[in-house]
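Engineer: So that you have it, the file is query.txt, and it contains compact mmCIF, N, CA and C atoms and all ligand atoms:
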# COMPACT_ATOMS: atom_id res chain seq x y z
N MET M 1 21.09 -1.50 8.40
CA MET M 1 20.27 -2.32 7.52
C MET M 1 20.47 -1.93 6.05
N LYS M 2 20.44 -2.95 5.23
CA LYS M 2 20.63 -2.71 3.80
C LYS M 2 19.41 -2.00 3.20
N LYS M 3 19.68 -1.04 2.37
CA LYS M 3 18.58 -0.30 1.77
C LYS M 3 17.88 -1.14 0.70
N LYS M 4 16.59 -1.19 0.79
CA LYS M 4 15.83 -1.99 -0.18
C LYS M 4 15.58 -1.20 -1.44
N GLU M 5 15.67 -1.89 -2.56
CA GLU M 5 15.39 -1.22 -3.83
C GLU M 5 13.91 -1.26 -4.14
N ASN M 6 13.55 -0.30 -4.93
CA ASN M 6 12.17 -0.14 -5.33
C ASN M 6 11.90 -0.98 -6.56
N LYS M 7 11.55 -2.25 -6.37
CA LYS M 7 11.32 -3.05 -7.56
C LYS M 7 10.19 -4.05 -7.38
N THR M 8 9.96 -4.81 -8.41
CA THR M 8 8.87 -5.76 -8.39
C THR M 8 8.95 -6.69 -7.18
N PHE M 9 7.80 -6.93 -6.55
CA PHE M 9 7.79 -7.82 -5.40
C PHE M 9 6.55 -8.72 -5.46
N VAL M 10 6.59 -9.79 -4.68
CA VAL M 10 5.45 -10.71 -4.63
C VAL M 10 4.61 -10.37 -3.39
N CYS M 11 3.33 -10.20 -3.60
CA CYS M 11 2.43 -9.88 -2.49
C CYS M 11 2.38 -11.06 -1.52
N GLU M 12 2.56 -10.77 -0.25
CA GLU M 12 2.57 -11.86 0.74
C GLU M 12 1.17 -12.32 1.12
N ASN M 13 0.18 -11.57 0.71
CA ASN M 13 -1.19 -11.96 1.03
C ASN M 13 -1.81 -12.83 -0.07
N CYS M 14 -1.69 -12.40 -1.35
CA CYS M 14 -2.34 -13.16 -2.43
C CYS M 14 -1.36 -13.70 -3.45
N LEU M 15 -0.08 -13.41 -3.26
CA LEU M 15 1.00 -13.91 -4.13
C LEU M 15 0.98 -13.34 -5.55
N ALA M 16 0.32 -12.23 -5.75
CA ALA M 16 0.37 -11.56 -7.06
C ALA M 16 1.72 -10.87 -7.21
N LEU M 17 2.17 -10.78 -8.45
CA LEU M 17 3.42 -10.07 -8.72
C LEU M 17 3.09 -8.59 -8.87
N VAL M 18 3.75 -7.75 -8.09
CA VAL M 18 3.44 -6.32 -8.07
C VAL M 18 4.61 -5.52 -8.61
N GLU M 19 4.35 -4.73 -9.62
CA GLU M 19 5.39 -3.84 -10.13
C GLU M 19 5.42 -2.59 -9.28
N ALA M 20 6.55 -2.36 -8.63
CA ALA M 20 6.62 -1.29 -7.63
C ALA M 20 6.74 0.10 -8.24
N VAL M 21 7.25 0.18 -9.45
CA VAL M 21 7.42 1.51 -10.05
C VAL M 21 6.59 1.61 -11.32
N LYS M 22 5.77 2.62 -11.36
CA LYS M 22 4.91 2.82 -12.51
C LYS M 22 4.75 4.31 -12.73
N ASN M 23 4.96 4.75 -13.95
CA ASN M 23 4.80 6.18 -14.27
C ASN M 23 5.51 7.08 -13.26
N GLN M 24 6.71 6.72 -12.88
CA GLN M 24 7.52 7.54 -11.96
C GLN M 24 6.99 7.54 -10.54
N SER M 25 5.80 7.05 -10.33
CA SER M 25 5.30 7.09 -8.97
C SER M 25 5.58 5.76 -8.30
N TYR M 26 5.76 5.84 -7.01
CA TYR M 26 6.19 4.70 -6.26
C TYR M 26 4.99 3.96 -5.68
N LYS M 27 4.99 2.67 -5.85
CA LYS M 27 3.84 1.88 -5.43
C LYS M 27 4.25 0.92 -4.32
N ASN M 28 3.44 0.88 -3.27
CA ASN M 28 3.83 0.06 -2.12
C ASN M 28 2.77 -0.96 -1.73
N HIS M 29 1.76 -1.11 -2.57
CA HIS M 29 0.73 -2.09 -2.20
C HIS M 29 0.34 -2.94 -3.41
N CYS M 30 -0.34 -4.03 -3.12
CA CYS M 30 -0.72 -4.99 -4.15
C CYS M 30 -1.94 -4.47 -4.93
N HIS M 31 -1.87 -4.55 -6.25
CA HIS M 31 -2.99 -4.05 -7.06
C HIS M 31 -4.20 -4.99 -6.99
N ARG M 32 -3.97 -6.25 -6.60
CA ARG M 32 -5.06 -7.22 -6.60
C ARG M 32 -5.84 -7.23 -5.28
N CYS M 33 -5.13 -7.37 -4.15
CA CYS M 33 -5.83 -7.45 -2.86
C CYS M 33 -5.65 -6.17 -2.04
N LEU M 34 -4.79 -5.26 -2.51
CA LEU M 34 -4.53 -3.96 -1.89
C LEU M 34 -3.74 -4.01 -0.58
N TYR M 35 -3.28 -5.20 -0.19
CA TYR M 35 -2.46 -5.28 1.01
C TYR M 35 -1.11 -4.60 0.77
N SER M 36 -0.55 -4.07 1.83
CA SER M 36 0.76 -3.45 1.77
C SER M 36 1.65 -4.11 2.82
N LYS M 37 2.88 -3.65 2.92
CA LYS M 37 3.76 -4.21 3.92
C LYS M 37 4.36 -3.09 4.75
N HIS M 38 4.47 -3.30 6.05
CA HIS M 38 4.96 -2.24 6.93
C HIS M 38 6.48 -2.14 6.85
N LEU M 39 6.94 -1.26 5.95
CA LEU M 39 8.38 -1.10 5.73
C LEU M 39 8.85 0.31 6.11
N ASP M 40 7.91 1.24 6.16
CA ASP M 40 8.29 2.64 6.33
C ASP M 40 7.84 3.21 7.67
N ILE M 41 8.62 4.13 8.19
CA ILE M 41 8.19 4.94 9.33
C ILE M 41 7.54 6.18 8.74
N VAL M 42 8.27 6.87 7.88
CA VAL M 42 7.72 7.93 7.05
C VAL M 42 7.62 7.34 5.64
N PRO M 43 6.51 7.52 4.92
CA PRO M 43 6.35 6.88 3.62
C PRO M 43 7.58 6.97 2.73
N GLY M 44 8.08 5.81 2.30
CA GLY M 44 9.21 5.77 1.38
C GLY M 44 10.57 5.61 2.04
N ASP M 45 10.65 5.71 3.38
CA ASP M 45 11.99 5.71 3.99
C ASP M 45 12.55 4.30 4.26
N ARG M 46 11.68 3.28 4.24
CA ARG M 46 12.13 1.89 4.42
C ARG M 46 12.84 1.65 5.75
N ARG M 47 12.47 2.39 6.79
CA ARG M 47 13.23 2.27 8.04
C ARG M 47 12.51 1.50 9.13
N SER M 48 11.31 1.03 8.85
CA SER M 48 10.61 0.25 9.87
C SER M 48 11.12 -1.18 9.87
N SER M 49 11.25 -1.75 11.04
CA SER M 49 11.69 -3.14 11.12
C SER M 49 10.52 -4.07 11.35
N CYS M 50 9.31 -3.54 11.29
CA CYS M 50 8.12 -4.33 11.61
C CYS M 50 7.86 -5.42 10.57
N MET M 51 7.78 -5.03 9.30
CA MET M 51 7.54 -5.95 8.18
C MET M 51 6.20 -6.66 8.25
N GLY M 52 5.28 -6.18 9.05
CA GLY M 52 3.96 -6.80 9.14
C GLY M 52 3.14 -6.53 7.88
N LEU M 53 2.13 -7.35 7.65
CA LEU M 53 1.22 -7.11 6.54
C LEU M 53 0.28 -5.97 6.92
N MET M 54 0.02 -5.08 5.97
CA MET M 54 -0.87 -3.96 6.24
C MET M 54 -2.17 -4.14 5.45
N LYS M 55 -3.27 -4.17 6.18
CA LYS M 55 -4.55 -4.47 5.60
C LYS M 55 -5.26 -3.21 5.10
N PRO M 56 -5.84 -3.23 3.89
CA PRO M 56 -6.61 -2.07 3.43
C PRO M 56 -7.87 -1.96 4.26
N SER M 57 -8.04 -0.86 4.98
CA SER M 57 -9.11 -0.80 5.98
C SER M 57 -10.08 0.35 5.79
N GLY M 58 -9.87 1.17 4.77
CA GLY M 58 -10.79 2.27 4.56
C GLY M 58 -10.34 3.11 3.37
N GLN M 59 -11.18 4.01 2.96
CA GLN M 59 -10.85 4.89 1.84
C GLN M 59 -11.38 6.29 2.11
N ARG M 60 -10.79 7.26 1.43
CA ARG M 60 -11.30 8.62 1.49
C ARG M 60 -10.90 9.33 0.19
N ILE M 61 -11.55 10.43 -0.08
CA ILE M 61 -11.17 11.19 -1.27
C ILE M 61 -10.48 12.47 -0.82
N HIS M 62 -9.21 12.56 -1.18
CA HIS M 62 -8.40 13.72 -0.84
C HIS M 62 -8.57 14.76 -1.95
N THR M 63 -8.81 16.01 -1.59
CA THR M 63 -9.11 17.02 -2.61
C THR M 63 -7.98 17.21 -3.60
N LYS M 64 -6.74 17.01 -3.18
CA LYS M 64 -5.62 17.20 -4.11
C LYS M 64 -5.08 15.88 -4.67
N LYS M 65 -5.04 14.85 -3.83
CA LYS M 65 -4.38 13.61 -4.26
C LYS M 65 -5.32 12.55 -4.82
N GLY M 66 -6.62 12.79 -4.76
CA GLY M 66 -7.57 11.80 -5.25
C GLY M 66 -7.89 10.76 -4.19
N ILE M 67 -8.25 9.57 -4.66
CA ILE M 67 -8.66 8.53 -3.71
C ILE M 67 -7.45 8.00 -2.96
N GLN M 68 -7.59 7.84 -1.66
CA GLN M 68 -6.54 7.25 -0.84
C GLN M 68 -7.11 6.08 -0.08
N ILE M 69 -6.28 5.09 0.19
CA ILE M 69 -6.73 3.98 1.03
C ILE M 69 -5.91 3.96 2.31
N LEU M 70 -6.58 3.56 3.39
CA LEU M 70 -5.92 3.49 4.69
C LEU M 70 -5.43 2.07 4.93
N HIS M 71 -4.14 1.94 5.19
CA HIS M 71 -3.56 0.66 5.53
C HIS M 71 -3.30 0.60 7.03
N ILE M 72 -3.71 -0.50 7.65
CA ILE M 72 -3.42 -0.69 9.07
C ILE M 72 -2.60 -1.97 9.24
N CYS M 73 -1.48 -1.85 9.91
CA CYS M 73 -0.58 -2.98 10.11
C CYS M 73 -1.21 -4.02 11.04
N GLU M 74 -1.21 -5.26 10.60
CA GLU M 74 -1.83 -6.31 11.41
C GLU M 74 -0.95 -6.70 12.59
N ASP M 75 0.33 -6.34 12.55
CA ASP M 75 1.23 -6.68 13.65
C ASP M 75 1.28 -5.60 14.73
N CYS M 76 1.41 -4.33 14.31
CA CYS M 76 1.63 -3.29 15.32
C CYS M 76 0.54 -2.22 15.32
N GLY M 77 -0.39 -2.26 14.36
CA GLY M 77 -1.48 -1.29 14.35
C GLY M 77 -1.13 0.05 13.73
N HIS M 78 0.06 0.18 13.15
CA HIS M 78 0.46 1.42 12.50
C HIS M 78 -0.49 1.74 11.34
N LYS M 79 -0.89 3.02 11.24
CA LYS M 79 -1.82 3.42 10.17
C LYS M 79 -1.11 4.31 9.16
N GLN M 80 -1.46 4.10 7.89
CA GLN M 80 -0.84 4.92 6.86
C GLN M 80 -1.80 5.10 5.68
N TRP M 81 -1.93 6.35 5.23
CA TRP M 81 -2.75 6.62 4.04
C TRP M 81 -1.88 6.51 2.80
N ASN M 82 -2.43 5.89 1.76
CA ASN M 82 -1.70 5.76 0.51
C ASN M 82 -2.56 6.14 -0.68
N ILE M 83 -1.93 6.78 -1.65
CA ILE M 83 -2.67 7.07 -2.87
C ILE M 83 -2.77 5.79 -3.68
N ILE M 84 -3.80 5.71 -4.51
CA ILE M 84 -3.97 4.50 -5.32
C ILE M 84 -3.42 4.73 -6.73
N ASP M 85 -3.26 3.64 -7.44
CA ASP M 85 -2.86 3.70 -8.84
C ASP M 85 -4.12 3.36 -9.64
N GLU M 86 -4.74 4.38 -10.19
CA GLU M 86 -6.03 4.17 -10.85
C GLU M 86 -5.94 3.27 -12.06
N SER M 87 -4.75 3.15 -12.64
CA SER M 87 -4.62 2.34 -13.85
C SER M 87 -4.56 0.84 -13.56
N SER M 88 -4.16 0.46 -12.35
CA SER M 88 -4.03 -0.98 -12.12
C SER M 88 -4.66 -1.49 -10.82
N ASP M 89 -4.92 -0.62 -9.87
CA ASP M 89 -5.48 -1.11 -8.60
C ASP M 89 -6.90 -1.68 -8.77
N ASN M 90 -7.23 -2.61 -7.92
CA ASN M 90 -8.53 -3.28 -7.93
C ASN M 90 -9.62 -2.30 -7.47
N PHE M 91 -10.25 -1.65 -8.43
CA PHE M 91 -11.16 -0.57 -8.11
C PHE M 91 -12.42 -1.04 -7.39
N ASP M 92 -12.88 -2.22 -7.75
CA ASP M 92 -14.07 -2.78 -7.08
C ASP M 92 -13.80 -2.96 -5.59
N LEU M 93 -12.59 -3.43 -5.29
CA LEU M 93 -12.22 -3.64 -3.90
C LEU M 93 -12.10 -2.31 -3.15
N ILE M 94 -11.51 -1.32 -3.82
CA ILE M 94 -11.39 0.01 -3.20
C ILE M 94 -12.77 0.56 -2.87
N CYS M 95 -13.69 0.39 -3.82
CA CYS M 95 -15.06 0.91 -3.61
C CYS M 95 -15.78 0.19 -2.49
N SER M 96 -15.38 -1.05 -2.22
CA SER M 96 -16.05 -1.80 -1.17
C SER M 96 -15.52 -1.47 0.22
N LEU M 97 -14.42 -0.71 0.28
CA LEU M 97 -13.88 -0.30 1.57
C LEU M 97 -14.76 0.78 2.19
N GLU M 98 -14.76 0.80 3.50
CA GLU M 98 -15.55 1.80 4.21
C GLU M 98 -14.98 3.19 3.99
N VAL M 99 -15.84 4.16 3.74
CA VAL M 99 -15.39 5.55 3.60
C VAL M 99 -15.19 6.13 4.99
N ILE M 100 -13.99 6.65 5.23
CA ILE M 100 -13.67 7.16 6.56
C ILE M 100 -13.64 8.70 6.56
ZN ZN U 201 -2.07 -9.13 -2.99
ZN ZN U 202 3.77 -2.80 11.78
Show me this structure written as structure tokens.
Structural biologist:
Amino acid sequence: MKKKENKTFVCENCLALVEAVKNQSYKNHCHRCLYSKHLDIVPGDRRSSCMGLMKPSGQRIHTKKGIQILHICEDCGHKQWNIIDESSDNFDLICSLEVI
């Protein structure tokens, strides 16, 4: 499979344009609706063939990494924790997620 580049993409849930790279950190979810896409087996590896939409399903505060949101794949149920981008992510939406 061809390796995907880390660049701007269109959110498949709300159609917002998402800049994938910001401040050297890699971003894999939509800043507006927080949906992600199931592309990775291990975060960043792009080796999953699922490609399902991943729904933001919870949040927690990690002592070192800050706020994280839990994404659950709507196709296969895969779960993945992701750090947020405090400068652009929809903070109201993050706060409305259940604390796990
Ligand atoms: Zn979106
Ligand atoms: Zn999946």
Engineer: Residues near Gln59 in chain M, anyone? I mean within 5 Å using all atoms listed in the file, not counting same-chain ones fewer than 2 positions away, as a ChimeraX atom specification.
Structural biologist: /M:57,61,68-70,97-100
Engineer: Could you check which residues have any atom within 8 Å of (-10.6, -5.9, 0.1), counting only N, CA and C atoms with coordinates taken straight from the file, and then list them as a list in words?
Structural biologist: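 Returned residue set, sorted by chain then number, is Arg32, Cys33, Leu34, Tyr35, Lys55, Pro56, Ser57, Asp92, Leu93, Ile94, Ser96 and Leu97 of chain M.
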Engineer: Please find the residues contacting ligand ZN 202 (chain U) at a distance of at most 6 Å between atoms, with all atoms listed in the file counted, and report them as a list in words.
Structural biologist: His38, Cys50, Met51, Gly52, Cys73, Glu74, Asp75, Cys76, Gly77 and His78 of chain M
Engineer: Got time to write the residues from that selection, N, CA and C atoms, as an mmCIF file, in the frame of the given file?
Structural biologist:
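Saved the output as again33.cif:
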data_model
loop_
_atom_site.group_PDB
_atom_site.id
_atom_site.type_symbol
_atom_site.label_atom_id
_atom_site.label_comp_id
_atom_site.auth_asym_id
_atom_site.auth_seq_id
_atom_site.Cartn_x
_atom_site.Cartn_y
_atom_site.Cartn_z
ATOM 1 N N HIS M 38 4.470 -3.300 6.050
ATOM 2 C CA HIS M 38 4.960 -2.240 6.930
ATOM 3 C C HIS M 38 6.480 -2.140 6.850
ATOM 4 N N CYS M 50 9.310 -3.540 11.290
ATOM 5 C CA CYS M 50 8.120 -4.330 11.610
ATOM 6 C C CYS M 50 7.860 -5.420 10.570
ATOM 7 N N MET M 51 7.780 -5.030 9.300
ATOM 8 C CA MET M 51 7.540 -5.950 8.180
ATOM 9 C C MET M 51 6.200 -6.660 8.250
ATOM 10 N N GLY M 52 5.280 -6.180 9.050
ATOM 11 C CA GLY M 52 3.960 -6.800 9.140
ATOM 12 C C GLY M 52 3.140 -6.530 7.880
ATOM 13 N N CYS M 73 -1.480 -1.850 9.910
ATOM 14 C CA CYS M 73 -0.580 -2.980 10.110
ATOM 15 C C CYS M 73 -1.210 -4.020 11.040
ATOM 16 N N GLU M 74 -1.210 -5.260 10.600
ATOM 17 C CA GLU M 74 -1.830 -6.310 11.410
ATOM 18 C C GLU M 74 -0.950 -6.700 12.590
ATOM 19 N N ASP M 75 0.330 -6.340 12.550
ATOM 20 C CA ASP M 75 1.230 -6.680 13.650
ATOM 21 C C ASP M 75 1.280 -5.600 14.730
ATOM 22 N N CYS M 76 1.410 -4.330 14.310
ATOM 23 C CA CYS M 76 1.630 -3.290 15.320
ATOM 24 C C CYS M 76 0.540 -2.220 15.320
ATOM 25 N N GLY M 77 -0.390 -2.260 14.360
ATOM 26 C CA GLY M 77 -1.480 -1.290 14.350
ATOM 27 C C GLY M 77 -1.130 0.050 13.730
ATOM 28 N N HIS M 78 0.060 0.180 13.150
ATOM 29 C CA HIS M 78 0.460 1.420 12.500
ATOM 30 C C HIS M 78 -0.490 1.740 11.340
#
Engineer: For ligand ZN 201 (chain U), return the neighbouring residues as a PyMOL selection string (distance at most 7 Å; all atoms listed in the file).
Structural biologist: chain M and resi 10-16+29-35
Engineer: For atom C of Ser49 in chain M and atom N of Gln80 in chain M, determine how far apart the two atoms are, in Å to one decimal place.
Structural biologist: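 Computed distance, atom C of Ser49 in chain M to atom N of Gln80 in chain M, equals 14.9 Å.
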Engineer: Looking only at the backbone, which of the residues in chain M does DSSP tag as strand (DSSP E or B), as number ranges by chain?
Structural biologist: M: 9-10, 17-18, 21-22, 25-26, 29, 36-37, 53-62, 66-73, 79-83, 99
Engineer: Just the number, please: distance in Å from atom N of Asp89 in chain M to atom C of Ser48 in chain M, one decimal.
Structural biologist: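 Result for atom N of Asp89 in chain M versus atom C of Ser48 in chain M: 25.4 Å, one decimal.
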Engineer: To one decimal in Å, tell me the separation between atom C of Ala20 in chain M and atom N of His62 in chain M.
Structural biologist: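 For atom C of Ala20 in chain M relative to atom N of His62 in chain M, the distance reads 21.4 Å.
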Engineer: Based on the backbone DSSP call, show me all residues of chain M assigned alpha helix (DSSP H), as a ChimeraX atom specification.
Structural biologist: /M:91-96
Engineer: Around all the atoms of range 57-75 of chain M listed in the file, draw an axis-aligned box and extend it by 4 Å on each of the six sides; I want its centre and edge lengths in Å to one decimal, as lines of an AutoDock Vina configuration file.
Structural biologist:
center_x = -5.1
center_y = 5.3
center_z = 4.7
size_x = 20.8
size_y = 31.9
size_z = 28.0
Engineer: My list of candidates is M:Leu53, M:Leu17, M:Ile84, M:Val42. Which is closest to Ile72 in chain M when distances are computed with only C-alpha atoms?
Structural biologist: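 Of the candidates, the smallest distance to Ile72 in chain M is held by M:Leu53.
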